[in-house]
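Right, one structure below, let's go through it.
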Amino acid sequence: MKKQKLLSDRISIPITIALIISFTMSCGKSFLDKKPDSALVIPQSLDDFQALLDNYRYFVQNVSPSLNQTAADDLLISDAGLKALQAHERDSYIWSKDLQMFSVDWDYPYRQVFYCNIVLDGIETIDVSDQNRKMYNAVKGMALFLRAQAFFALSQTFCEPFIPSGNNESLGVPLPNTSDVTKRFDRGTVAEVYDQIVSDLTQAVELLPEKTVYLSRPSKIAANALLSRAYLSMGLYEEAGAAANDALNKYSTLIDYNALNMSSTRAFPLALSAGNAEMIYYSSLILNTFSSSAQTGVAPELYSQYEVSDLRKSAFFINKGIGILNYRGSYSGDAYLFCGLATDELYLIRAESFARKGNIAAAMQDLNTLLVKRYKTGTYVARTAPSAQEALAIILTERRKELIGRGIRWSDLRRLNREPQFSVTLKKTVDGKEISLPPNDLRYVFPIPLSELAYHDIPQNPR
Amino acid sequence: MNYKIIIILLLLSFGTKVYGQHIFKAQIRGSKNAPLPGALVTDISNEKKVSTDEKGNFSLTSDSAAINIRIGYVGYKVKTLRLFSFDPKQVVINLEPLDNQLADITIISDGYQSLPKERSTGSFVQLDQSIINRRISANILSRIEDVTSGLVVNRNPAAGGNISIRGQSTLFSNRAPLIILDNFPYEGDLNAINPNDIESITVLKDAAAASIWGARAGNGVIVLNSKKGKSSEAKVGIFTSLTIGAKPDIYYLPRMSSSDYIDIEASLFNSGFYKDAETSLSNIAISPVVELLISKRDGKISQQDADRMIDQYRAIDVREDQRKYMQRTSVDQQYSLNISGGSGNSLHFISGGFDKNLNSDVGNSSNRITLNANQVNYFFKRKLELNTAISFLQAETNNNNQGLIAYSYARLVDGSEGYPNVTRGLRESFKNEMVKKGFLDWQYNPLADIDQNKNSLVNTEFRINTSLKYNIFPFLSASILYQFAKSSQDQSNLQRENSYYLRNLINQFTSINADGSLTRRVPIGGILDESIGNSISHNLRGQLAFDKSIGSDHNVSAIAGAEVRQMVTNSSQTRAYGYSEEYVRSSTVDYLTRFPLSFNTAQFENIPFSDGMNQLTDRFLSYYVNASYSYKQRYIFSASTRLDQSNLFGVDANKKGVPLYSAGLAWNIAREPFYNIGFLPLLKLRTTYGYSGNVFRSLSAYTTASYSNGTISSIKLPFAQIESPPNPSLRWEKIRMVNIAVDFATKGNRISGSIEYYSRKASDLLGTTPVATSTGISSFRGNTADTKGYGIDLTLNTQNIKGIVGWSTNLLFSVAMDKVTAYPAGNLNSAYISGGLLPVVGKPIGAISSYAWGGLDPSTGDPIGFLNGVPSKDYTKIISSSTLADLVYNGPARPPVYGSIRNNIDFGPWSFSANISYRFGYYFHRPSISYGTTKGLGGHSDYTLRWKNPGDESITSVPSVPLVANTARDEFYKYANVLTEHGDNIRLQDINFSYQLPADKTGKVFRRLQVSVYLNNLGIIWQESKSGIDPDFQSALLPKSIALGIRGDF
């Protein structure tokens, strides 16, 4: 008896241990399935994908390349201001051949493409039903729209312009279409880049909802508007006009600048929280020292083109008493420069399209519809043009005046420089010396950042 | 043997002859409680001597009821103590081993088992009490530095990691060794452990030693064992110390003079540099000198007045005030008390410690309370052993000193006027104007601010360890161990209403209404930021241990077990606005609205929101077997295997686990019958082979994202952010190590030591590769890298002089070479230059390379580099397009050769010990002037050495001020070969003087009393570089310190 008790004592502990081991082994699977960080998710649901596309840093703020704005001729900086700029901004401004590209202008659009591809790859695993079809389409359409927007921004900075009559076989930019980061894409051709943009946007038009609650989420109207902007940059004026028309048919509100409160620091409200009646879709330029410097102001040659009763003179510019007219007219309502989509741009695109087709009346009507909202009530004299050519010239002048600070000028210069009557040699005065940029110069294409070239064997843009 | 018995019999018979005498009996034990036969016991009163018997027992007689005895045994410290005849129970006296003399009877502990070093095949370093106590310091890390072969404490943060054992194997995973405290991994702050509570430290270096800890052992393992009750004799030990540290050397980092600073400001002003700030919409701060220049230009102040005031500034160096008012000598106090004892079937140990530390920064301090109690109980004739231990720790750190933000000619104290204003943030004219309108005082003074901040971190730890061990058979035991640990880190940062931060924040969010009244969006009151972190861990282990000798020739010992571990860490941060200390209450704020800022009403911001929470869970499931077989104590074979599984996020189940194993062989040559080298009684050859691993937590095979609440988003919607791109082939890192070693000792341990050679191959290492950003990411982390390494650890202990004066030397010498053997990377060199952080195949991990230097251009003072072998000043091109081959490779950033020499001199009760450490064969980039866009304003004092006129290029290598700001030129010079320095140095680390009161002077109270004086951080005694920069302390030197310590046992 005693011996038996002893024996049971002796074996009880090993049995306990064996039990512990078998217990841990049997529950091991689920025990090890616990997430190490509760905050982490594997994006799988439509809500997750929507949340990725609502990312504040990459999509809501929606930052687009801005060095081309620095290089353009609408805004100029004083010599003192120029000295305080970072090298890449200064070299962009003075069209230096030695410009080393600041990589953000390249990285941000590709970061956006990466997010879009994660959504586009992931959404394929979701079963579409009647319950979720609406959201499914909205999310997929949004990803396509955002990807097209990023590719478009890249094309305006890093590719030669599209030539409607050409074969467009000059170097494009990589067009990743997968979330697999181990894949590399070569530069392809300019034709392929625009094919992709148009194809993504055409699909987005089908998928996106008619209306969205947030200005940072695109609607069908926004997709048409972006398509219109893309066609315009390609010189496909017929298509640009048609897309603008599609958008304007659904939404054509313009702000009457007479209603603005010019005495407040900014004439326009904070768009993302308070809204902006003209705005179709919110996007902004990467904030850089050039655009935020107190030493940066509108080019005098451009400012002189605004007439006395033009309300934009005070809505857009402010004189802080140092002889520089700082730009303050961003539709964002804050320091970010708005570069998204708005009805004013659509009127101008449609007007240009009409003018190029020879429909002077329609062209001038669109222009006048817009401009009457920009002048003090009762002072606006409707513009007329004796010829289509003159109509076009007026529209292009008004286009530059209206769309200042929107990151559009560079695209327009690239496009219009192909037409001898509109081509210009840009001139700036730096430290008392005049510098110039002839039309169609190689420097209209920015160099690809070295951080890309170091790890990716693709050709650099000549400069 | 026989003669001992005769002596004892003689003594006993002698004792019995004397009538009425008291008998004193005791047992002498050595390390691991082993009885010491043949120890010499002397009655101090009459120099009567006896030896202990086979069981370590002795007996003495005397006519007094208490006697003082002295015990001596080879390899142990001489011990004197007082015995009482009426002691009813068996008295056990433990002797303390001498340093490093017990290579063959040391007991090593790896956290799973304790075994004699003799029976091991692996590579261990054992640090005992005398080594641990040699230094006087508040943290355990300093106690192992420079006394552990193969271990180096990296002081240069750029070299990565804090402690490394035998160099580095991993690249981007956790580089810290695994810390085991009382059998289980310790995840807390190593600095929190009270070194006075640590009995022994074992460092596990090779695969056989460390593989028992499996996937987390790749960086080596440090095993800490707390003090425990060792004998039933009641004992009390005390220790107290006072350490005084010098004020830090604030001038160590050379900075340009205020006069140079002002000259640059003037020159920038003349070139129109401050135009932008002057006209800025945001009212950016403008320094006092520039304000004077503006006033002068605008005619608001006369030229003479301006120049006079500016010249006054030239004489001011803010560091003088900083040193005077913001720094002090540091004072550290330590108190520790322990009580141990027990009865036949139980032993206990209780200790308490208190540390108080006044930092060298005024306003910063820390204190720590530690309490430990443990007990072992034996039941059923010692068949069942129950260990219980409880420990508590609370450490509080106060960081009220927020440092200094000021230009070099700022004044912190201004005669009788109190605190002068230091320009910061916004323009003074704007601030004054606003204050007139009712804004809060907007002045800043760093000194006044110290009292306005109350920043404390309280770290509390609570651990319960229990283990139950049952000896089923004499050769088989089973045990269950459980540990519960809870630790919390409560950080509280109160910024009072009058702190600059708060006044500034309130003012920024104040708007002026049309009627001139003010609206404050941030309420008046303090801000209390609290961050609370809690981690709770459970560890459960079941283990069977087998140990049996078969015949006299064979011995088999083995352990097998399983363990499960979970650690859950919760953390949260909250902020309370309008906090009132008196009433402990706060107010609400509007986080959602973007308010215009007072200094630029065109700029809108939200009131800063900093609440958040987080939960992390670590789970491990492990199985292990460890066995060894020895034949005739000559040949020992060991093997171990372990399987670790963890909840690594999203990895396929089959890749979650990693099986690791090791094998080892040892040969005690000295025990062979043919061995007849008399002067070398110990000669042992060991070799091991095996694998260990490394853990990383932040990666997953799938795309992972994290959610943010939408506070910062303009549309207030929650959003997600990609944390890591998909990586389907993610695996655990694996490290293979081979170790070959010889242990030796000459007769009488005059020369003893070991020499070890190891080689290591690490594969599947996580490598971060910069990738083309057109992929959407800028770097990618995957199992892409391999490294290789080898090294030598030599330990040599010599007793140079024995006798009245004893002199011994301990030499540690280590070589740790490593090399990257595979690393996918592009061909961009600049990534390798800046800090040498990117691994280069064929080069050490962390290599220093630099740009070839072609001197200064004699006509402009521009630095000259090389492009395609031709001198060039096209810095942008040099940086961007020259290849790796064009760079000058200097060498490793971490010392491949290091070690220390410790000399110990004993003379009666006096002892002296000095430790000299050395590090060789590494490089660093010396700092120099970087001009930036501000002509080097406030930069390095090399500015005064700059090239100014043609001809200077022959006397200086500091480039001229560039005509146009050129960041590429700065970058080139920063990493040019001319600034590369050798790190080689020899340092007198510390000196310890001790006086141990002789037994006859300790009085009746003390068994032992030791007084020590300890000097630390004595500084470099030789260095290769002439730069005057300590390569191991490049940003700030550790101040010299002196400590007085008293240790007593009674």
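Simple scheme: letters A, B, ... for chains in structure tokens order, numbers from 1 for residues in each chain, numbers from 1 for ligands in the order shown.
DSSP, applied to the backbone of this structure, assigns alpha helix (DSSP H) to the following residues of region 113-188 of chain B: Gln129, Ser130, Ile131, Ile132, Leu141, Ser142, Arg143 and Ile144 of chain B.
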Since we have the selection now, will you write its residues out, keeping C-alpha atoms, as a PDB file, in the first residue's frame?
```pdb
ATOM      1  CA  GLN B 129      30.423  38.216  -6.622  1.00  0.00           C
ATOM      2  CA  SER B 130      33.931  39.569  -6.426  1.00  0.00           C
ATOM      3  CA  ILE B 131      33.829  40.665 -10.059  1.00  0.00           C
ATOM      4  CA  ILE B 132      30.281  41.939  -9.926  1.00  0.00           C
ATOM      5  CA  LEU B 141      25.459  46.477 -17.394  1.00  0.00           C
ATOM      6  CA  SER B 142      28.499  48.351 -16.144  1.00  0.00           C
ATOM      7  CA  ARG B 143      29.300  45.420 -13.891  1.00  0.00           C
ATOM      8  CA  ILE B 144      29.878  43.125 -16.848  1.00  0.00           C
TER       9      ILE B 144
END
```
Shell of 6 Å around Ala893 (chain B), only C-alpha atoms, local chain residues under 6 positions omitted, as a list in words: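 That gives Gly846, Ala847, Ile848, Tyr922 and Tyr923 of chain B.
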With N, CA and C atoms retained, could you export that selection as a compact mmCIF listing (two decimals), in the first residue's frame?
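What follows is the written file selection28.txt:
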```txt
# COMPACT_ATOMS: atom_id res chain seq x y z
N GLY B 846 28.67 47.40 -40.88
CA GLY B 846 29.01 48.72 -40.35
C GLY B 846 30.43 49.07 -40.74
N ALA B 847 30.60 49.49 -41.98
CA ALA B 847 31.94 49.83 -42.46
C ALA B 847 32.02 51.33 -42.70
N ILE B 848 33.19 51.87 -42.51
CA ILE B 848 33.39 53.30 -42.77
C ILE B 848 34.11 53.44 -44.11
N TYR B 922 39.37 50.29 -35.63
CA TYR B 922 38.11 50.82 -36.18
C TYR B 922 38.24 52.30 -36.51
N TYR B 923 37.21 52.82 -37.17
CA TYR B 923 37.29 54.16 -37.77
C TYR B 923 36.03 54.96 -37.51
```
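By only C-alpha atoms, and with residues fewer than 6 positions from region 554-562 of chain B along its chain excluded, the set lying at most 6 Å from it is B:Arg541, B:Gly542, B:Gln543, B:Leu544, B:Ala545, B:Phe546, B:Asp547, B:Lys548, B:Ser622, B:Tyr623, B:Tyr624, B:Val625, B:Asn626, B:Ala627, B:Ser628, B:Tyr629, B:Ser630, B:Tyr631.
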Restricted to N, CA and C atoms, what would the selected residues look like written as a PDB file, in the first residue's frame?
```
ATOM      1  N   ARG B 541       6.807  26.275 -17.371  1.00  0.00           N
ATOM      2  CA  ARG B 541       7.752  25.312 -17.912  1.00  0.00           C
ATOM      3  C   ARG B 541       7.632  23.998 -17.153  1.00  0.00           C
ATOM      4  N   GLY B 542       7.630  22.921 -17.887  1.00  0.00           N
ATOM      5  CA  GLY B 542       7.690  21.600 -17.266  1.00  0.00           C
ATOM      6  C   GLY B 542       8.959  20.935 -17.737  1.00  0.00           C
ATOM      7  N   GLN B 543       9.694  20.344 -16.825  1.00  0.00           N
ATOM      8  CA  GLN B 543      10.993  19.804 -17.225  1.00  0.00           C
ATOM      9  C   GLN B 543      11.306  18.527 -16.465  1.00  0.00           C
ATOM     10  N   LEU B 544      11.851  17.569 -17.178  1.00  0.00           N
ATOM     11  CA  LEU B 544      12.356  16.342 -16.557  1.00  0.00           C
ATOM     12  C   LEU B 544      13.869  16.390 -16.639  1.00  0.00           C
ATOM     13  N   ALA B 545      14.523  16.039 -15.538  1.00  0.00           N
ATOM     14  CA  ALA B 545      15.988  16.019 -15.555  1.00  0.00           C
ATOM     15  C   ALA B 545      16.479  14.647 -15.126  1.00  0.00           C
ATOM     16  N   PHE B 546      17.429  14.153 -15.838  1.00  0.00           N
ATOM     17  CA  PHE B 546      17.950  12.815 -15.601  1.00  0.00           C
ATOM     18  C   PHE B 546      19.457  12.943 -15.428  1.00  0.00           C
ATOM     19  N   ASP B 547      19.981  12.276 -14.409  1.00  0.00           N
ATOM     20  CA  ASP B 547      21.423  12.341 -14.203  1.00  0.00           C
ATOM     21  C   ASP B 547      21.842  11.052 -13.524  1.00  0.00           C
ATOM     22  N   LYS B 548      22.578  10.208 -14.231  1.00  0.00           N
ATOM     23  CA  LYS B 548      22.923   8.908 -13.651  1.00  0.00           C
ATOM     24  C   LYS B 548      24.295   8.480 -14.115  1.00  0.00           C
ATOM     25  N   SER B 622       7.690  26.399 -26.896  1.00  0.00           N
ATOM     26  CA  SER B 622       8.989  25.801 -27.184  1.00  0.00           C
ATOM     27  C   SER B 622       9.117  24.421 -26.560  1.00  0.00           C
ATOM     28  N   TYR B 623       9.853  23.572 -27.247  1.00  0.00           N
ATOM     29  CA  TYR B 623      10.159  22.230 -26.743  1.00  0.00           C
ATOM     30  C   TYR B 623      11.661  22.053 -26.833  1.00  0.00           C
ATOM     31  N   TYR B 624      12.253  21.433 -25.839  1.00  0.00           N
ATOM     32  CA  TYR B 624      13.697  21.323 -25.885  1.00  0.00           C
ATOM     33  C   TYR B 624      14.179  20.040 -25.235  1.00  0.00           C
ATOM     34  N   VAL B 625      15.302  19.569 -25.696  1.00  0.00           N
ATOM     35  CA  VAL B 625      15.979  18.408 -25.124  1.00  0.00           C
ATOM     36  C   VAL B 625      17.453  18.751 -25.108  1.00  0.00           C
ATOM     37  N   ASN B 626      18.110  18.413 -24.008  1.00  0.00           N
ATOM     38  CA  ASN B 626      19.524  18.713 -23.886  1.00  0.00           C
ATOM     39  C   ASN B 626      20.143  17.530 -23.160  1.00  0.00           C
ATOM     40  N   ALA B 627      21.156  16.917 -23.743  1.00  0.00           N
ATOM     41  CA  ALA B 627      21.705  15.718 -23.112  1.00  0.00           C
ATOM     42  C   ALA B 627      23.216  15.724 -23.204  1.00  0.00           C
ATOM     43  N   SER B 628      23.846  15.113 -22.204  1.00  0.00           N
ATOM     44  CA  SER B 628      25.287  14.946 -22.326  1.00  0.00           C
ATOM     45  C   SER B 628      25.698  13.591 -21.758  1.00  0.00           C
ATOM     46  N   TYR B 629      26.738  13.086 -22.325  1.00  0.00           N
ATOM     47  CA  TYR B 629      27.250  11.784 -21.902  1.00  0.00           C
ATOM     48  C   TYR B 629      28.735  11.956 -21.681  1.00  0.00           C
ATOM     49  N   SER B 630      29.234  11.437 -20.531  1.00  0.00           N
ATOM     50  CA  SER B 630      30.678  11.512 -20.356  1.00  0.00           C
ATOM     51  C   SER B 630      31.229  10.134 -20.018  1.00  0.00           C
ATOM     52  N   TYR B 631      32.385   9.923 -20.539  1.00  0.00           N
ATOM     53  CA  TYR B 631      33.044   8.641 -20.351  1.00  0.00           C
ATOM     54  C   TYR B 631      34.329   8.873 -19.585  1.00  0.00           C
TER      55      TYR B 631
END
```
Counting only C-alpha atoms, collect the residues of chain B whose closest atom lies at most 6 Å from chain A, and write them out as a ChimeraX atom specification. /B:272-273,276,280,472,542,602,615-618,646-647,649,703-706,713,719-720,771-776,826-828
What would the file look like if the residues just selected were written as a CSV table (one decimal), in the first residue's frame with N, CA and C atoms?
```
chain,number,residue,atom,x,y,z
B,272,GLY,N,20.9,89.8,-47.7
B,272,GLY,CA,19.5,89.7,-47.8
B,272,GLY,C,18.8,88.4,-47.4
B,273,PHE,N,19.6,87.6,-46.7
B,273,PHE,CA,19.1,86.3,-46.3
B,273,PHE,C,17.9,86.4,-45.4
B,276,ASP,N,13.4,87.2,-46.1
B,276,ASP,CA,12.3,86.2,-46.1
B,276,ASP,C,11.6,86.2,-44.7
B,280,SER,N,8.1,87.5,-43.4
B,280,SER,CA,7.3,86.3,-43.3
B,280,SER,C,5.9,86.5,-42.8
B,472,ILE,N,12.1,12.1,-8.2
B,472,ILE,CA,11.3,10.9,-8.3
B,472,ILE,C,12.3,9.7,-7.9
B,542,GLY,N,7.6,22.9,-17.9
B,542,GLY,CA,7.7,21.6,-17.3
B,542,GLY,C,9.0,20.9,-17.7
B,602,ALA,N,-3.6,83.0,-41.6
B,602,ALA,CA,-3.9,82.3,-42.8
B,602,ALA,C,-3.6,80.8,-42.6
B,615,GLN,N,-1.9,47.5,-28.2
B,615,GLN,CA,-1.7,46.3,-27.5
B,615,GLN,C,-0.8,45.4,-28.3
B,616,LEU,N,0.2,44.8,-27.6
B,616,LEU,CA,1.1,43.9,-28.3
B,616,LEU,C,1.0,42.6,-27.6
B,617,THR,N,1.0,41.5,-28.3
B,617,THR,CA,1.0,40.2,-27.7
B,617,THR,C,2.2,39.4,-28.3
B,618,ASP,N,3.0,38.8,-27.4
B,618,ASP,CA,4.1,37.9,-27.8
B,618,ASP,C,3.7,36.6,-27.3
B,646,SER,N,6.2,30.8,-32.6
B,646,SER,CA,5.7,32.1,-32.1
B,646,SER,C,4.6,32.6,-32.9
B,647,ASN,N,3.9,33.6,-32.5
B,647,ASN,CA,2.7,34.1,-33.2
B,647,ASN,C,3.1,35.2,-34.2
B,649,PHE,N,3.2,37.5,-37.0
B,649,PHE,CA,2.0,37.8,-37.7
B,649,PHE,C,1.9,37.4,-39.2
B,703,THR,N,0.4,41.8,-46.8
B,703,THR,CA,0.3,43.2,-46.7
B,703,THR,C,-0.3,43.6,-45.4
B,704,THR,N,0.4,44.4,-44.6
B,704,THR,CA,-0.2,44.8,-43.4
B,704,THR,C,-0.5,46.3,-43.4
B,705,ALA,N,-1.5,46.7,-42.6
B,705,ALA,CA,-1.8,48.1,-42.6
B,705,ALA,C,-2.2,48.4,-41.1
B,706,SER,N,-2.2,49.7,-40.8
B,706,SER,CA,-2.6,50.1,-39.5
B,706,SER,C,-3.6,51.2,-39.7
B,713,SER,N,-6.9,64.0,-40.2
B,713,SER,CA,-7.4,64.1,-41.5
B,713,SER,C,-8.3,65.2,-41.6
B,719,PHE,N,-8.5,56.3,-41.3
B,719,PHE,CA,-7.9,55.9,-42.6
B,719,PHE,C,-6.8,54.8,-42.2
B,720,ALA,N,-6.4,54.2,-43.3
B,720,ALA,CA,-5.4,53.1,-43.1
B,720,ALA,C,-4.1,53.5,-43.8
B,771,VAL,N,15.0,50.3,-52.5
B,771,VAL,CA,14.5,49.9,-53.8
B,771,VAL,C,14.1,51.1,-54.6
B,772,ALA,N,13.9,50.9,-55.9
B,772,ALA,CA,13.5,51.9,-56.7
B,772,ALA,C,12.1,52.3,-56.2
B,773,THR,N,11.9,53.7,-56.0
B,773,THR,CA,10.6,54.1,-55.5
B,773,THR,C,9.5,54.0,-56.4
B,774,SER,N,9.7,53.6,-57.7
B,774,SER,CA,8.6,53.4,-58.6
B,774,SER,C,7.8,52.2,-58.2
B,775,THR,N,8.3,51.4,-57.2
B,775,THR,CA,7.6,50.3,-56.7
B,775,THR,C,6.5,50.8,-55.7
B,776,GLY,N,6.7,52.0,-55.2
B,776,GLY,CA,5.8,52.5,-54.2
B,776,GLY,C,6.3,52.5,-52.8
B,826,GLY,N,21.8,48.1,-54.6
B,826,GLY,CA,22.1,48.8,-55.9
B,826,GLY,C,23.5,49.2,-55.9
B,827,ASN,N,23.8,50.1,-56.8
B,827,ASN,CA,25.2,50.5,-57.0
B,827,ASN,C,25.5,51.9,-56.5
B,828,LEU,N,24.5,52.4,-55.7
B,828,LEU,CA,24.7,53.8,-55.3
B,828,LEU,C,25.6,53.9,-54.1
```
Pick out the residues sitting within 7 Å of Tyr257 (chain A), and hand them over as a list in words; count only C-alpha atoms, and ignore anything fewer than 5 positions along from it in its own chain.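 Listed by chain and then number, they are Leu311, Lys373 and Arg374 of chain A.
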Using only C-alpha atoms, determine which residues lie at most 12 Å from Met434 (chain B), disregarding the query and same-chain residues fewer than 2 positions distant; provide the list as a count of residues only. 26
List as a list of chain:residue names the protein and nucleic acid residues near Asp529 (chain B), meaning an atom at most 9 Å away when only C-alpha atoms are counted, but skip any in the same chain fewer than 6 places from it. B:Gln491, B:Ser492, B:Asn493, B:Leu494, B:Gln495, B:Gln573, B:Thr574, B:Arg575, B:Ala576, B:Tyr577, B:Ser610, B:Asp611
Those selected residues, please, written with N, CA and C atoms and delivered as a short mmCIF file (atom, residue, chain, number, x, y, z; two decimals), in the first residue's frame.
```cif
data_model
loop_
_atom_site.label_atom_id
_atom_site.label_comp_id
_atom_site.auth_asym_id
_atom_site.auth_seq_id
_atom_site.Cartn_x
_atom_site.Cartn_y
_atom_site.Cartn_z
N GLN B 491 4.52 57.19 -17.45
CA GLN B 491 5.21 58.44 -17.72
C GLN B 491 4.23 59.58 -17.57
N SER B 492 4.64 60.56 -16.86
CA SER B 492 3.75 61.69 -16.66
C SER B 492 4.55 62.96 -16.93
N ASN B 493 4.04 63.76 -17.78
CA ASN B 493 4.73 64.99 -18.13
C ASN B 493 3.78 66.16 -17.92
N LEU B 494 4.02 66.86 -16.84
CA LEU B 494 3.18 68.02 -16.56
C LEU B 494 3.92 69.26 -16.99
N GLN B 495 3.32 70.01 -17.88
CA GLN B 495 3.89 71.29 -18.26
C GLN B 495 2.98 72.33 -17.66
N GLN B 573 -1.83 56.54 -24.21
CA GLN B 573 -1.37 57.90 -23.98
C GLN B 573 -2.61 58.80 -23.88
N THR B 574 -2.59 59.70 -22.94
CA THR B 574 -3.69 60.65 -22.85
C THR B 574 -3.13 62.02 -22.56
N ARG B 575 -3.87 63.01 -22.92
CA ARG B 575 -3.46 64.38 -22.64
C ARG B 575 -4.63 65.13 -22.02
N ALA B 576 -4.35 65.85 -20.97
CA ALA B 576 -5.38 66.67 -20.34
C ALA B 576 -4.98 68.13 -20.47
N TYR B 577 -5.88 68.92 -21.04
CA TYR B 577 -5.65 70.36 -21.17
C TYR B 577 -6.24 71.09 -19.98
N SER B 610 -3.08 63.94 -28.70
CA SER B 610 -2.03 62.93 -28.61
C SER B 610 -2.49 61.70 -27.85
N ASP B 611 -3.78 61.44 -27.86
CA ASP B 611 -4.24 60.22 -27.19
C ASP B 611 -4.04 59.02 -28.11
#
```
Distance query Ile318 (chain A) at most 7 Å, only C-alpha atoms, self and fewer than 4 positions along chain excluded, as a ChimeraX atom specification: /A:314,325-328
Taking only C-alpha atoms into account, which of A:Phe162, A:Ala342, A:Ser291, A:Ala191 comes nearest Tyr251 (chain A)? A:Ala342
Work out how far CA of Pro269 (chain A) is from CA of Ala243 (chain A), in Å to one decimal.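 Between CA of Ala243 (chain A) and CA of Pro269 (chain A) the gap works out to 28.0 Å.
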